[in-house]
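A.B. asks: This is the structure, below, for whatever I ask next.
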Amino acid sequence: MNELSPLIHSFWYLLRGAAMTVLMATSAVAPATILGILLALSYLFGSRLMRSAIIGYLFLIRGIPLLVLLTFVYYLMPLTGIDLPPFWGVVVVISLYYAAFISEVFRAGILALPQAQWDAARSLGMTRGLMLQIVILPQALRLAAPPYVSLCVSLVKATSLVSIVGLWELTMASREVVERTLAPFQIFIGAAAIYFCICYTLALYGRHLERRVLLGH
Amino acid sequence: MPFDPHFIARLIPALLEGAEVTVELAGLTVAICLVWGLFVALAYGVSGPLSWVAGAYIQLVRNTPLLIQLYLVYFGFSMAGFGLSGFASGLLALCAQNGGYVAEIYRGGLQSVSIRQFDAGRALGMRRWTLYTTVILPQVVARVIPPLTNQSIAIIKDTSQVAAIAVMEIMKITEVWVETSANTYDVFLGAALIYLALTSIAGVVGKLTERWLAFAQ
């Protein structure tokens, strides 16, 4: 029991860190999703210029680590005099980063629909906006849901990186406790267990959605 | 002052030295994970306790952040009396996490092979080893190259996180140079360009392998 006492004593502190992690992840996932859908639609239906701009954006995001961008913004904000609270600074970076991956998932979902769906909607005289709204997007979003949920898991894990630029959440909280208690094994396993509870719940939900897609509901 | 040629002349060799560490770390991780992931995927496929252990391993590593795994290995092991160097800890954590992802990629590939292929092989009286090496795995390899390429790109980006345990790869060198020179823009631009070059090379190698395999079959 003695071995576990550092973890038991600091567990409440770690849970407060986890609440911050969840708050950060949910604040980032909403704008990332909206931007992701907009990027996917502009890629598919926008002008050629728009399309090349998005391809360039995806290339940059796919090739540069999130940590590099987070650190860049951390050093950049004082230089440019942008007076944003650090919390919102990292939320903006994480949303912009994940919007790129989310857009690819939604684009794949839209492209996976058979051409007959478009033809059927057009033969009913629908405008493109209406087609998207009531025929294409409802089906495409359902197809894209399982990979979208895996991206959400990845986003929750990625919030741990903000501890490197000095923000307080679960990973930072666990490092603080380790410095105080000198019990890295117990504390980091505790933190990993909390992350696991959050991410595995999401992953199970994703698997449930996947099964529904495969069954065709 | 940004874009000072004398500064850039000193910066580039330093960043390239970091790139060497990044490439070593990412290359070793990819090589080890290709073997380890296949082992885990095959273990998951057989029935019995081995499958249960492989499944638990996959879920555990995929649903906890790499950064926590890094801290656990680096600080935890040294506390337990067998400390590993930063590089070795980074390699271990990167392989542990990505082994789970690569195993899932192989599993997807194995599942995509029709059950009739297994039946046909068995009907010809093949032993399991012959069946796998001559019929099943050649088909799996061709299908897993694109997702494995993406995973390799993710691994290159993930190596930036070992900066947190003071391994002198690109990210850590970037931090050191920004702190000491205050030439934020140059240093980050250089780091971003090197990461983009490395991930693009990985992408091209993946595409070439894909084409070569399609040609060979």
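Identifiers in this document derive from the order of the structure tokens: chains are assigned A, B, ..., residues are numbered from 1 separately in each chain, and ligands are numbered from 1 in order of occurrence.
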Select residues of chain A: the criterion is any atom within 7 Å of an atom of chain B, counting only C-alpha atoms; output as a PyMOL selection string.
C.D. replies: chain A and resi 63-65+67-68+72+157+160+164+184-185+188+192+195-196+199-200
A.B. asks: Go ahead and save the picked residues with N, CA and C atoms, as an mmCIF file, in the first residue's frame.
C.D. replies:
```cif
data_model
loop_
_atom_site.group_PDB
_atom_site.id
_atom_site.type_symbol
_atom_site.label_atom_id
_atom_site.label_comp_id
_atom_site.auth_asym_id
_atom_site.auth_seq_id
_atom_site.Cartn_x
_atom_site.Cartn_y
_atom_site.Cartn_z
ATOM 1 N N GLY A 63 3.233 17.546 -42.859
ATOM 2 C CA GLY A 63 4.682 17.374 -42.791
ATOM 3 C C GLY A 63 5.362 18.002 -41.593
ATOM 4 N N ILE A 64 4.648 18.839 -40.830
ATOM 5 C CA ILE A 64 5.292 19.518 -39.704
ATOM 6 C C ILE A 64 4.693 19.005 -38.402
ATOM 7 N N PRO A 65 5.529 18.636 -37.424
ATOM 8 C CA PRO A 65 4.977 18.134 -36.162
ATOM 9 C C PRO A 65 4.197 19.215 -35.418
ATOM 10 N N LEU A 67 4.158 19.713 -32.335
ATOM 11 C CA LEU A 67 4.995 20.316 -31.291
ATOM 12 C C LEU A 67 5.781 21.514 -31.829
ATOM 13 N N VAL A 68 6.256 21.414 -33.080
ATOM 14 C CA VAL A 68 6.991 22.524 -33.684
ATOM 15 C C VAL A 68 6.086 23.757 -33.780
ATOM 16 N N PHE A 72 6.457 27.211 -31.797
ATOM 17 C CA PHE A 72 6.591 28.411 -32.617
ATOM 18 C C PHE A 72 5.638 29.501 -32.114
ATOM 19 N N LYS A 157 -4.982 12.934 -27.028
ATOM 20 C CA LYS A 157 -3.593 12.606 -26.694
ATOM 21 C C LYS A 157 -2.663 13.775 -27.018
ATOM 22 N N SER A 160 -1.568 16.612 -24.590
ATOM 23 C CA SER A 160 -0.473 16.430 -23.625
ATOM 24 C C SER A 160 0.747 17.272 -24.014
ATOM 25 N N ILE A 164 4.578 20.897 -22.636
ATOM 26 C CA ILE A 164 5.952 21.255 -22.989
ATOM 27 C C ILE A 164 6.089 22.770 -23.123
ATOM 28 N N PRO A 184 7.979 8.466 -10.105
ATOM 29 C CA PRO A 184 7.526 8.581 -11.483
ATOM 30 C C PRO A 184 6.689 7.395 -11.958
ATOM 31 N N PHE A 185 7.055 6.187 -11.545
ATOM 32 C CA PHE A 185 6.326 5.009 -12.020
ATOM 33 C C PHE A 185 4.850 5.095 -11.680
ATOM 34 N N PHE A 188 3.013 8.394 -13.279
ATOM 35 C CA PHE A 188 2.789 8.381 -14.725
ATOM 36 C C PHE A 188 1.852 7.244 -15.123
ATOM 37 N N ALA A 192 -1.480 7.815 -17.103
ATOM 38 C CA ALA A 192 -1.784 7.016 -18.292
ATOM 39 C C ALA A 192 -3.148 6.357 -18.141
ATOM 40 N N TYR A 195 -5.833 8.953 -18.888
ATOM 41 C CA TYR A 195 -5.912 9.152 -20.331
ATOM 42 C C TYR A 195 -6.604 7.958 -20.986
ATOM 43 N N PHE A 196 -6.247 6.753 -20.537
ATOM 44 C CA PHE A 196 -6.817 5.556 -21.141
ATOM 45 C C PHE A 196 -8.332 5.552 -20.987
ATOM 46 N N CYS A 199 -9.741 8.076 -23.514
ATOM 47 C CA CYS A 199 -9.555 7.714 -24.928
ATOM 48 C C CYS A 199 -10.242 6.408 -25.278
ATOM 49 N N TYR A 200 -10.198 5.441 -24.359
ATOM 50 C CA TYR A 200 -10.778 4.136 -24.676
ATOM 51 C C TYR A 200 -12.288 4.242 -24.785
#
```
A.B. asks: Extract, using only C-alpha atoms, all DNA, RNA and protein residues at most 9 Å from range 138-145 of chain B, discarding same-chain residues fewer than 3 positions from it, and format them as a PDB file with N, CA and C atoms, in the first residue's frame.
C.D. replies:
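The resulting file, part.pdb, is reproduced below:
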```pdb
ATOM      1  N   ILE B 105      -2.703  -1.965 -38.553  1.00  0.00           N
ATOM      2  CA  ILE B 105      -2.633  -1.865 -40.020  1.00  0.00           C
ATOM      3  C   ILE B 105      -2.515  -3.266 -40.638  1.00  0.00           C
ATOM      4  N   TYR B 106      -1.609  -4.083 -40.068  1.00  0.00           N
ATOM      5  CA  TYR B 106      -1.466  -5.458 -40.568  1.00  0.00           C
ATOM      6  C   TYR B 106      -2.767  -6.238 -40.398  1.00  0.00           C
ATOM      7  N   GLY B 108      -5.810  -5.113 -40.362  1.00  0.00           N
ATOM      8  CA  GLY B 108      -6.729  -4.696 -41.418  1.00  0.00           C
ATOM      9  C   GLY B 108      -6.379  -5.376 -42.735  1.00  0.00           C
ATOM     10  N   GLY B 109      -5.075  -5.448 -43.018  1.00  0.00           N
ATOM     11  CA  GLY B 109      -4.622  -6.087 -44.253  1.00  0.00           C
ATOM     12  C   GLY B 109      -4.963  -7.564 -44.281  1.00  0.00           C
ATOM     13  N   LEU B 110      -4.745  -8.251 -43.148  1.00  0.00           N
ATOM     14  CA  LEU B 110      -5.041  -9.687 -43.072  1.00  0.00           C
ATOM     15  C   LEU B 110      -6.533  -9.933 -43.245  1.00  0.00           C
ATOM     16  N   GLN B 111      -7.350  -9.045 -42.635  1.00  0.00           N
ATOM     17  CA  GLN B 111      -8.799  -9.229 -42.725  1.00  0.00           C
ATOM     18  C   GLN B 111      -9.304  -9.017 -44.144  1.00  0.00           C
ATOM     19  N   SER B 112      -8.553  -8.188 -44.909  1.00  0.00           N
ATOM     20  CA  SER B 112      -9.031  -7.880 -46.254  1.00  0.00           C
ATOM     21  C   SER B 112      -8.770  -9.038 -47.223  1.00  0.00           C
ATOM     22  N   VAL B 113      -7.946 -10.014 -46.805  1.00  0.00           N
ATOM     23  CA  VAL B 113      -7.719 -11.177 -47.671  1.00  0.00           C
ATOM     24  C   VAL B 113      -8.914 -12.113 -47.526  1.00  0.00           C
ATOM     25  N   TYR B 132       0.983 -18.965 -45.360  1.00  0.00           N
ATOM     26  CA  TYR B 132       1.168 -17.551 -45.035  1.00  0.00           C
ATOM     27  C   TYR B 132       2.245 -16.905 -45.905  1.00  0.00           C
ATOM     28  N   THR B 133       3.391 -17.591 -46.060  1.00  0.00           N
ATOM     29  CA  THR B 133       4.505 -16.931 -46.761  1.00  0.00           C
ATOM     30  C   THR B 133       4.285 -16.854 -48.273  1.00  0.00           C
ATOM     31  N   THR B 134       3.563 -17.801 -48.849  1.00  0.00           N
ATOM     32  CA  THR B 134       3.444 -17.767 -50.311  1.00  0.00           C
ATOM     33  C   THR B 134       2.098 -17.234 -50.794  1.00  0.00           C
ATOM     34  N   VAL B 135       1.052 -17.334 -49.981  1.00  0.00           N
ATOM     35  CA  VAL B 135      -0.264 -16.904 -50.470  1.00  0.00           C
ATOM     36  C   VAL B 135      -0.760 -15.643 -49.761  1.00  0.00           C
ATOM     37  N   LEU B 148       1.040   2.133 -44.121  1.00  0.00           N
ATOM     38  CA  LEU B 148       2.354   2.110 -43.451  1.00  0.00           C
ATOM     39  C   LEU B 148       3.165   3.361 -43.787  1.00  0.00           C
ATOM     40  N   THR B 149       3.003   3.857 -45.034  1.00  0.00           N
ATOM     41  CA  THR B 149       3.688   5.102 -45.392  1.00  0.00           C
ATOM     42  C   THR B 149       3.192   6.236 -44.503  1.00  0.00           C
ATOM     43  N   ASN B 150       1.859   6.319 -44.342  1.00  0.00           N
ATOM     44  CA  ASN B 150       1.311   7.368 -43.474  1.00  0.00           C
ATOM     45  C   ASN B 150       1.828   7.234 -42.054  1.00  0.00           C
ATOM     46  N   GLY B 206       7.414   5.619 -50.065  1.00  0.00           N
ATOM     47  CA  GLY B 206       6.209   4.794 -49.966  1.00  0.00           C
ATOM     48  C   GLY B 206       5.555   4.598 -51.324  1.00  0.00           C
ATOM     49  N   LYS B 207       5.412   5.716 -52.078  1.00  0.00           N
ATOM     50  CA  LYS B 207       4.788   5.645 -53.410  1.00  0.00           C
ATOM     51  C   LYS B 207       5.580   4.727 -54.342  1.00  0.00           C
ATOM     52  N   THR B 209       7.620   2.266 -53.502  1.00  0.00           N
ATOM     53  CA  THR B 209       7.464   0.879 -53.066  1.00  0.00           C
ATOM     54  C   THR B 209       6.143   0.316 -53.572  1.00  0.00           C
ATOM     55  N   GLU B 210       5.101   1.151 -53.442  1.00  0.00           N
ATOM     56  CA  GLU B 210       3.776   0.744 -53.896  1.00  0.00           C
ATOM     57  C   GLU B 210       3.803   0.383 -55.377  1.00  0.00           C
ATOM     58  N   LEU B 213       5.827  -2.791 -56.080  1.00  0.00           N
ATOM     59  CA  LEU B 213       5.118  -4.009 -55.710  1.00  0.00           C
ATOM     60  C   LEU B 213       4.026  -4.326 -56.724  1.00  0.00           C
ATOM     61  N   ALA B 214       3.326  -3.278 -57.179  1.00  0.00           N
ATOM     62  CA  ALA B 214       2.259  -3.487 -58.168  1.00  0.00           C
ATOM     63  C   ALA B 214       2.861  -4.067 -59.450  1.00  0.00           C
ATOM     64  N   GLN B 217       4.004  -7.840 -58.961  1.00  0.00           N
ATOM     65  CA  GLN B 217       2.968  -8.890 -58.857  1.00  0.00           C
ATOM     66  C   GLN B 217       2.253  -9.112 -60.176  1.00  0.00           C
TER      67      GLN B 217
END
```
A.B. asks: Name all residues at most 10 Å from range 84-97 of chain A (count only C-alpha atoms; drop same-chain ones fewer than 3 positions away) and give them as a PyMOL selection string.
C.D. replies: chain A and resi 24-36+57-58+60-62+64-67+69-71+73-74+77-78+81+100-102+155+158-159+161-162+165-168
A.B. asks: Please provide as a ChimeraX atom specification all residues within 12 Å of Ala112 in chain A, with the sequence filter that same-chain residues fewer than 6 positions apart are discarded (counting only C-alpha atoms).
C.D. replies: /A:105-106,118,136-137,139-144
A.B. asks: Would you put the residues from that selection into a file with N, CA and C atoms, as an mmCIF file, in the first residue's frame?
C.D. replies:
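Done, and the output landed in part.cif:
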```cif
data_model
loop_
_atom_site.group_PDB
_atom_site.id
_atom_site.type_symbol
_atom_site.label_atom_id
_atom_site.label_comp_id
_atom_site.auth_asym_id
_atom_site.auth_seq_id
_atom_site.Cartn_x
_atom_site.Cartn_y
_atom_site.Cartn_z
ATOM 1 N N VAL A 105 -10.821 13.248 -43.773
ATOM 2 C CA VAL A 105 -11.764 12.187 -43.420
ATOM 3 C C VAL A 105 -13.147 12.482 -44.021
ATOM 4 N N PHE A 106 -13.592 13.741 -43.930
ATOM 5 C CA PHE A 106 -14.906 14.096 -44.470
ATOM 6 C C PHE A 106 -14.902 14.034 -45.996
ATOM 7 N N TRP A 118 -25.971 11.402 -56.209
ATOM 8 C CA TRP A 118 -25.963 12.743 -56.795
ATOM 9 C C TRP A 118 -26.977 12.821 -57.942
ATOM 10 N N ILE A 136 -26.479 14.334 -49.415
ATOM 11 C CA ILE A 136 -25.071 13.928 -49.377
ATOM 12 C C ILE A 136 -24.491 13.966 -47.960
ATOM 13 N N LEU A 137 -24.562 15.137 -47.311
ATOM 14 C CA LEU A 137 -23.875 15.268 -46.026
ATOM 15 C C LEU A 137 -24.373 14.293 -44.952
ATOM 16 N N GLN A 139 -25.389 11.309 -45.186
ATOM 17 C CA GLN A 139 -24.802 9.981 -45.411
ATOM 18 C C GLN A 139 -23.285 10.022 -45.272
ATOM 19 N N ALA A 140 -22.674 11.087 -45.826
ATOM 20 C CA ALA A 140 -21.214 11.176 -45.808
ATOM 21 C C ALA A 140 -20.695 11.296 -44.376
ATOM 22 N N LEU A 141 -21.409 12.073 -43.550
ATOM 23 C CA LEU A 141 -20.955 12.247 -42.169
ATOM 24 C C LEU A 141 -21.032 10.924 -41.420
ATOM 25 N N ARG A 142 -22.055 10.126 -41.730
ATOM 26 C CA ARG A 142 -22.174 8.835 -41.059
ATOM 27 C C ARG A 142 -21.003 7.923 -41.452
ATOM 28 N N LEU A 143 -20.650 7.946 -42.756
ATOM 29 C CA LEU A 143 -19.512 7.134 -43.225
ATOM 30 C C LEU A 143 -18.210 7.592 -42.573
ATOM 31 N N ALA A 144 -18.100 8.916 -42.383
ATOM 32 C CA ALA A 144 -16.836 9.466 -41.881
ATOM 33 C C ALA A 144 -16.740 9.375 -40.362
#
```
A.B. asks: Which residues are close to Met131 in chain A, i.e. within 12 Å by only C-alpha atoms, leaving aside same-chain residues fewer than 2 positions away? Reply as a PyMOL selection string.
C.D. replies: chain A and resi 117-129+133-140
A.B. asks: Grab the residues selected above and save them as a PDB file, in the first residue's frame with C-alpha atoms.
C.D. replies:
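File out_4.pdb, as written:
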```pdb
ATOM      1  CA  GLN A 117     -26.987   9.548 -55.018  1.00  0.00           C
ATOM      2  CA  TRP A 118     -25.963  12.743 -56.795  1.00  0.00           C
ATOM      3  CA  ASP A 119     -27.831  11.785 -59.962  1.00  0.00           C
ATOM      4  CA  ALA A 120     -30.990  10.941 -58.034  1.00  0.00           C
ATOM      5  CA  ALA A 121     -30.899  14.236 -56.156  1.00  0.00           C
ATOM      6  CA  ARG A 122     -30.259  16.187 -59.363  1.00  0.00           C
ATOM      7  CA  SER A 123     -33.102  14.420 -61.175  1.00  0.00           C
ATOM      8  CA  LEU A 124     -35.426  15.671 -58.440  1.00  0.00           C
ATOM      9  CA  GLY A 125     -34.387  19.197 -59.405  1.00  0.00           C
ATOM     10  CA  MET A 126     -32.489  19.953 -56.205  1.00  0.00           C
ATOM     11  CA  THR A 127     -29.976  22.784 -56.063  1.00  0.00           C
ATOM     12  CA  ARG A 128     -26.448  21.849 -55.022  1.00  0.00           C
ATOM     13  CA  GLY A 129     -26.936  23.361 -51.548  1.00  0.00           C
ATOM     14  CA  GLN A 133     -27.871  19.413 -46.997  1.00  0.00           C
ATOM     15  CA  ILE A 134     -30.441  16.632 -47.196  1.00  0.00           C
ATOM     16  CA  VAL A 135     -28.866  13.896 -49.333  1.00  0.00           C
ATOM     17  CA  ILE A 136     -25.071  13.928 -49.377  1.00  0.00           C
ATOM     18  CA  LEU A 137     -23.875  15.268 -46.026  1.00  0.00           C
ATOM     19  CA  PRO A 138     -26.126  13.157 -43.765  1.00  0.00           C
ATOM     20  CA  GLN A 139     -24.802   9.981 -45.411  1.00  0.00           C
ATOM     21  CA  ALA A 140     -21.214  11.176 -45.808  1.00  0.00           C
TER      22      ALA A 140
END
```
